[in-house]
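Here the structure comes first, spelled out in structure tokens, and everything after it is commentary.
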Amino acid sequence: MSATDKFLRMGLAVAMFLAVVGVILFVASRFRGRSAERWVALTFLLPTGLLVAIGLIYPGLRTIYQSFLDAGGNSFVGLANYATIFTDSGQLTVLRNTVLWVVLTPFVATAIGLLYAILIDKARMEALAKALIFLPMAISFVGASIIWKFVYEFRPDQPGVNQIGLLNQILVSLGGSPRQWLLDEPWNTLFLIVVMIWIQAGFAMTVLSAAIKAVPEDIVEAARLDGVKRLGMFRYVTLPTIAPAVIVVLTTIGIATLKVFDIVRTMTGGQFNTSVVANEFYSQSFRSANQGLGAALATLLFLLVIPIVAYNVRQLRSTEAR
Amino acid sequence: MALPPKRLRTVALVGAFSLALAACGGGGTTAGGVTGDVDCADYEKYGDLSGESITVYTGIVTPEDKPHIDSYKPFEQCTGASVRYEGDKSFEAQVLVRAQAGNPPDLAIIPQPGLLTQLVGTGKAVAAPDEVAANVDEFWGEDWKGYGTVDGTFYAAPLGASMKSLVWYSPAEFEEKGIEIPTTLDELKEVSDELAEGGRKPWCAGISSGEATGWPITDWHEDFMLRTSDAETYDKWVDHEIPFNGPESAAALDAAGEYLKNDKYVNGGLGDVRSIATTTFQDGGLPILEGNCSLHRQASFYASNWPEGTEVSEDGDVFAFYLPGKTADEKPVLGGGEFLLAFNDRPAVQAFQIYLSSDTWANNKAEASPNGGWVSANKGLDVDKLVSPIDRLAAETFQDEGAVFRFDGSDQMPGAIGSNEYWKQATNWITGQDTKTTVDAIERAWPKS
């Protein structure tokens with residue numbers, strides 16, 4: 001297909017999209033009378049609902065169905081794939097790593113973000129300080145992983161060889177010998193988690209900083225009159241007021257962490273026992289050609305995310321209701 | 001926070017389109033390495049295919065794709081058909097997805113017999129026409145035909161091949177130290193010991209390759225499987241007629257470990273034994289050029305990994321010798337290759353399939369590769385047309401009557417082993433896991449069916 005053909009097709013696709021939107025708007029504008037609002041809402045919901053059904057619900061149900069089939073997707077094996085996840089030693093390592101990720105990342109990232117937000121609040125050059133920690137957010141996970149791969153890079157300890165990894169260079173400057181950071185479990189998983197924290201701390205800081213600034217001045221004033229000092233102010237005034245924001249940040253990072261795939265795949269490829277559920281799902285489905293186990297891992301991931309999402313939604317709703 | 005009043009507002013639509021325009025590989029019109037006028041008489045048998053378009057999907061991407069595209073030109077010129085070449089780095093995962101989704105290409109270049117079996121399993125592949133089978137009988141022979149056969153039906157003819165049983169070395173260093181090229185495994189050991197005297201590490205190795213990390217070890221293991229056992233045992237092992245953790249397999253891995261996990265032997269210029277795990281396979285052999293190590297076992301395609309300006313020849317900067325057998329008379333050769341699988345039986349597709357399985361194409365391809373880096377086990381290939389000495393060495397070995405060729409074992413094993421567990425466990429093995437744990441874990445992961 002030549003470039004002109006491609007542009008023609010693209011133009012056609014755009015035109016068709018606009019036409020469909022036009023038709024929907026036209027139909028919506030024709031409704032009159034008492035129940036018009038409901039019909040208009042339905043008209044707008046219908047295409048969205050249809051696309052969600054095709055793109056999300058159908059594949060979701062199909063994945064759940066596939067998780068009960070064998071590697072080739074031919075015969076029914078019941079819960080065998082789930083049994084594998086919870087008994088096979090390799091899969092148990094994957095689960096252990098995922099737990100490490102999900103427990104550590106949200107709390108550490110949120111803690112760092114919160115501490116930073118408090119420290120720089122109303123400080124000089126606050127905007128610059130914020131921008132510095134927020135910058136990693138703008139980098140893709142793969143980009144960040146490549147940066148950190150260099151930080152952990154190893155070169156042998158012998159004459160004529162210079163370290164190119166930051167961490168090992170520091171170690172060598174202090175008189176130590178270089179280490180292979182990404183080789184020994186479970187430490188290597190911790191070194192990967194650092195990358196995620198580096199990315200997410202900026203997000204936590206931004207949201208929490210905004211929440212801190214939204215703490216009503218009169219409450220702060222009242223507390224101060226009552227003789228509350230800095231630490232007490234944080235404990236009894238700031239933290240309770242921003243608690244909903246903290247929970248939103250924790251759960252959002254938690255969900256992002258459950259899905260982590262890019263960092264593991266880029267930095268270790270899941271080797272050296274660093275694989276996590278999302279990465280294992282990919283390698284089982286597309287490299288091992290084990291569709292059943294891949295689907296079971298995807299379903300497990302889905303099940304794990306649901307409670308966090310549900311909690312997050314409830315929390316948001318209660319915040320809005322106030 | 002108060003909710004906005006319920007009122008229907010005019011909807012302003014801002015459409016944001018992110019358009020991913022796939023870069024198109026083929027379709028170039030510049031003339032390639034195939035020079036001069038093409039004699040169309042050889043192509044008359046394919047008939048007039050004007051207006052026909054044939055799609056080829058492959059994992060061979062730039063710059064290696066150019067010789068391929070160029071080698072199709074005589075066919076396109078003489079028959080009027082046009083070939084659309086599509087290279088994709090994630091070919092191996094995507095080709096399965098496309099076949100399962102019912103959107104396969106006309107032809108796919110498959111680098112692994114295991115993947116071939118899986119693709120045939122989707123029911124979308126079509127058997128090769130009789131003319132292709134006849135070409136394979138004539139130019140390749142029984143063993144190669146077997147690798148393209150699934151359940152007794154012949155599907156795919158081989159295209160290119162690579163020789164894996166090679167050890168790279170520096171000819172100048174060997175001459176200077178008066179070292180003869182070893183002709184038996186024992187001699188290889190002696191040479192290694194001789195080089196290791198004085199604390200120097202003679203071997204260098206690297207197995208890091210992203211998520212495929214570990215594959216070079218599978219080649220070591222397979223090469224030693226062919227040498228510590230025999231070809232028949234090797235076949236049984238690959239087909240899982242004997243267990244993966246049997247004594248033969250464990251002995252072969254231990255034999256490889258005598259080199260790879262030997263602190264006295266590795267890892268020249270790169271660190272300790274464990275540094276093998278984090279050194280990319282591309283960088284693995286480079287310390288030879290710096291004089292930090294002397295020996296590196298890697299396939300013929302490694303020729304393209306040496307930096308520009310490196311002379312790869314028998315009296316150049318680097319060259320390779322055949323990884324010897326147990327005795328000087330035994331000559332097992334481990335290799336790999338690609339196969340052409342069709343998903344469509346239109347006459348134009350079949351004509352192109354026949355062309356690619358012919359000696360005409362093999363020679364066109366050799367001419368279209370002015371920088372070398374391509375070999376075929378096609379016996380109709382004129383070895384003199386290959387420009388690179390290492391390609392000639394490989395082609396001569398393939399055509400050698402005394403050589404016993406065996407295809408890369410992990411490529412024939414089921415995907416769960418060949419492109420996952422075997423790599424993973426081999427990586428664990430080099431970072432410290434013992435041989436028994438390693439082979440046991442791979443055996444446990446073998447798909448039950």
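In the structure tokens, the first chain shown is A, the next is B, and so on; residue numbers restart at 1 for each chain, and ligands run from 1 in the order shown.
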For chain A, which residues have at least one atom within 6 Å of chain B, if we go by only C-alpha atoms? Write them as an NGL selection string, please.
:A and (156 or 269 or 286 or 288-289 or 320)
Could you turn the residues from that selection into a file that holds all heavy atoms, as a short mmCIF file (atom, residue, chain, number, x, y, z; two decimals), in the first residue's frame?
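Dumped everything to part22.cif:
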```cif
data_model
loop_
_atom_site.label_atom_id
_atom_site.label_comp_id
_atom_site.auth_asym_id
_atom_site.auth_seq_id
_atom_site.Cartn_x
_atom_site.Cartn_y
_atom_site.Cartn_z
N PRO A 156 33.24 -5.57 35.21
CA PRO A 156 34.10 -6.34 36.11
C PRO A 156 35.13 -5.46 36.81
O PRO A 156 35.50 -4.40 36.31
CB PRO A 156 34.79 -7.33 35.17
CG PRO A 156 34.68 -6.73 33.82
CD PRO A 156 33.40 -5.96 33.82
N GLY A 269 13.60 -8.95 31.86
CA GLY A 269 12.87 -9.90 31.04
C GLY A 269 12.20 -10.98 31.89
O GLY A 269 11.85 -12.04 31.38
N PHE A 286 2.24 -15.71 25.05
CA PHE A 286 2.84 -15.45 23.75
C PHE A 286 4.17 -16.15 23.52
O PHE A 286 4.59 -16.29 22.39
CB PHE A 286 3.01 -13.95 23.54
CG PHE A 286 1.70 -13.23 23.51
CD1 PHE A 286 1.31 -12.40 24.54
CD2 PHE A 286 0.82 -13.42 22.45
CE1 PHE A 286 0.09 -11.75 24.51
CE2 PHE A 286 -0.40 -12.78 22.41
CZ PHE A 286 -0.77 -11.95 23.45
N SER A 288 5.33 -19.11 25.71
CA SER A 288 5.17 -20.53 26.02
C SER A 288 4.03 -21.13 25.24
O SER A 288 3.86 -22.34 25.22
CB SER A 288 4.88 -20.71 27.50
OG SER A 288 6.06 -20.77 28.22
N ALA A 289 3.19 -20.30 24.59
CA ALA A 289 2.01 -20.76 23.89
C ALA A 289 1.11 -21.55 24.83
O ALA A 289 0.53 -22.56 24.44
CB ALA A 289 2.38 -21.60 22.67
N GLU A 320 -17.19 12.96 47.28
CA GLU A 320 -18.04 13.86 46.52
C GLU A 320 -19.34 14.15 47.26
O GLU A 320 -19.92 15.22 47.10
CB GLU A 320 -18.36 13.24 45.15
CG GLU A 320 -17.17 13.36 44.20
CD GLU A 320 -17.47 12.80 42.83
OE1 GLU A 320 -18.57 12.24 42.65
OE2 GLU A 320 -16.62 12.93 41.96
#
```
I'd like the contact shell of A:Ile247 - 9 Å cut-off, only C-alpha atoms, skipping same-chain residues fewer than 4 positions apart - returned as JSON, numbers by chain.
{"A": [242, 243, 251, 252, 312, 315]}
Could those residues be written to a file, using N, CA and C atoms, as a PDB file, in the first residue's frame?
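The resulting file, part-v8.pdb, is reproduced below:
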```pdb
ATOM      1  N   ILE A 242      -6.662  15.346  54.783  1.00  0.00           N
ATOM      2  CA  ILE A 242      -6.279  14.874  53.453  1.00  0.00           C
ATOM      3  C   ILE A 242      -6.396  13.355  53.322  1.00  0.00           C
ATOM      4  N   ALA A 243      -6.909  12.678  54.345  1.00  0.00           N
ATOM      5  CA  ALA A 243      -6.999  11.211  54.305  1.00  0.00           C
ATOM      6  C   ALA A 243      -7.635  10.672  53.020  1.00  0.00           C
ATOM      7  N   THR A 251      -4.456   3.786  46.375  1.00  0.00           N
ATOM      8  CA  THR A 251      -5.134   2.787  45.541  1.00  0.00           C
ATOM      9  C   THR A 251      -4.749   2.943  44.075  1.00  0.00           C
ATOM     10  N   THR A 252      -4.596   4.198  43.629  1.00  0.00           N
ATOM     11  CA  THR A 252      -4.220   4.398  42.222  1.00  0.00           C
ATOM     12  C   THR A 252      -2.843   3.797  41.949  1.00  0.00           C
ATOM     13  N   ASN A 312     -11.661   2.213  45.807  1.00  0.00           N
ATOM     14  CA  ASN A 312     -11.336   3.529  45.268  1.00  0.00           C
ATOM     15  C   ASN A 312     -12.600   4.287  44.861  1.00  0.00           C
ATOM     16  N   GLN A 315     -14.630   5.349  47.863  1.00  0.00           N
ATOM     17  CA  GLN A 315     -13.963   6.453  48.533  1.00  0.00           C
ATOM     18  C   GLN A 315     -14.232   7.771  47.806  1.00  0.00           C
TER      19      GLN A 315
END
```
Which of these, A:Glu126, A:Glu185, A:Glu153, A:Asp121, has the shortest distance to A:Ile212 once you count only C-alpha atoms?
A:Asp121
What residues in stretch 157-353 of chain B get the DSSP label alpha helix (DSSP H)? Please answer as a ChimeraX atom specification.
/B:171-176,185-196,215-228,231-238,247-260,275-278,287-290,347-353
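Remark: for B:Phe174, the closest of the candidate residues B:Tyr85, B:Trp361, B:Tyr155, B:Phe319 is B:Phe319 (distances computed over only C-alpha atoms).
Atom CA of A:Ile253 lies 16.8 Å from atom CA of A:Ala211.
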Of the candidates B:Val266, B:Ala250, B:Pro287, B:Lys326, which one gets nearest to B:Thr438 if we count only C-alpha atoms?
B:Ala250
Work out how far apart atom CA of A:Ala245 and atom CA of A:Gln200 are and give it in Å to one decimal.
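If I compute the distance from atom CA of A:Ala245 to atom CA of A:Gln200, I get 14.9 Å.
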Top pick for closest residue to A:Gly78, considering A:Tyr65, A:Tyr311, A:Phe134, A:Phe302 and counting only C-alpha atoms:
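Nearest to A:Gly78: A:Tyr65.
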Can you tell me, as a ChimeraX atom specification, what residues are no more than 8 Å from A:Phe281 when counting only C-alpha atoms, ignoring any on the same chain fewer than 2 positions away?
/A:277-279,283-285,293-295,297-298
Generate the output file for the selected residues, all heavy atoms, as a CSV table (one decimal), in the first residue's frame.
```csv
chain,number,residue,atom,x,y,z
A,277,VAL,N,3.0,-11.1,37.9
A,277,VAL,CA,1.8,-11.7,37.3
A,277,VAL,C,1.6,-11.2,35.9
A,277,VAL,O,1.5,-12.0,34.9
A,277,VAL,CB,0.6,-11.5,38.1
A,277,VAL,CG1,-0.7,-12.0,37.3
A,277,VAL,CG2,0.7,-12.3,39.4
A,278,ALA,N,1.7,-9.9,35.7
A,278,ALA,CA,1.4,-9.3,34.4
A,278,ALA,C,2.5,-9.8,33.3
A,278,ALA,O,2.1,-10.1,32.2
A,278,ALA,CB,1.4,-7.8,34.4
A,279,ASN,N,3.7,-9.8,33.8
A,279,ASN,CA,4.8,-10.3,32.9
A,279,ASN,C,4.7,-11.8,32.6
A,279,ASN,O,4.8,-12.2,31.4
A,279,ASN,CB,6.2,-10.0,33.5
A,279,ASN,CG,7.3,-10.4,32.6
A,279,ASN,OD1,7.5,-9.8,31.5
A,279,ASN,ND2,8.0,-11.4,33.0
A,283,SER,N,4.3,-13.9,29.0
A,283,SER,CA,5.3,-14.9,28.5
A,283,SER,C,4.6,-16.2,28.4
A,283,SER,O,4.9,-17.0,27.5
A,283,SER,CB,6.5,-14.9,29.4
A,283,SER,OG,6.3,-15.5,30.6
A,284,GLN,N,3.6,-16.5,29.3
A,284,GLN,CA,2.8,-17.8,29.1
A,284,GLN,C,2.0,-17.7,27.8
A,284,GLN,O,1.9,-18.7,27.1
A,284,GLN,CB,2.0,-18.1,30.3
A,284,GLN,CG,2.7,-18.5,31.6
A,284,GLN,CD,3.5,-19.7,31.4
A,284,GLN,OE1,3.2,-20.6,30.5
A,284,GLN,NE2,4.5,-20.0,32.3
A,285,SER,N,1.3,-16.6,27.6
A,285,SER,CA,0.4,-16.6,26.4
A,285,SER,C,1.2,-16.5,25.1
A,285,SER,O,0.8,-17.2,24.2
A,285,SER,CB,-0.5,-15.3,26.5
A,285,SER,OG,-1.2,-15.3,27.7
A,293,LEU,N,-3.0,-21.1,30.8
A,293,LEU,CA,-2.3,-20.6,32.0
A,293,LEU,C,-2.2,-19.0,31.9
A,293,LEU,O,-2.4,-18.3,32.9
A,293,LEU,CB,-0.9,-21.2,32.2
A,293,LEU,CG,-0.1,-20.8,33.4
A,293,LEU,CD1,-1.0,-21.2,34.7
A,293,LEU,CD2,1.2,-21.6,33.5
A,294,GLY,N,-2.0,-18.6,30.7
A,294,GLY,CA,-1.9,-17.1,30.5
A,294,GLY,C,-3.3,-16.5,30.8
A,294,GLY,O,-3.3,-15.5,31.5
A,295,ALA,N,-4.4,-17.1,30.4
A,295,ALA,CA,-5.7,-16.5,30.6
A,295,ALA,C,-6.0,-16.6,32.1
A,295,ALA,O,-6.6,-15.7,32.7
A,295,ALA,CB,-6.7,-17.3,29.9
A,297,LEU,N,-3.8,-16.4,34.6
A,297,LEU,CA,-3.0,-15.3,35.2
A,297,LEU,C,-3.7,-14.0,35.0
A,297,LEU,O,-3.8,-13.1,35.9
A,297,LEU,CB,-1.6,-15.3,34.6
A,297,LEU,CG,-0.7,-16.4,35.1
A,297,LEU,CD1,0.5,-16.6,34.2
A,297,LEU,CD2,-0.2,-16.1,36.5
A,298,ALA,N,-4.2,-13.8,33.8
A,298,ALA,CA,-4.9,-12.5,33.5
A,298,ALA,C,-6.2,-12.4,34.3
A,298,ALA,O,-6.5,-11.3,34.9
A,298,ALA,CB,-5.3,-12.4,32.0
```
Using only C-alpha atoms for the distances, tell me which of B:Asp283, B:Glu258, B:Glu222, B:Asp39 is nearest to B:Tyr234.
B:Glu222
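Take atom CA of B:Pro113 and atom CA of B:Asp408: the distance between them is 9.2 Å.
Nearest to B:Phe339 of all the residues B:Pro202, B:Gly160, B:Gly59, B:Gly102 is B:Gly160, counting only C-alpha atoms.
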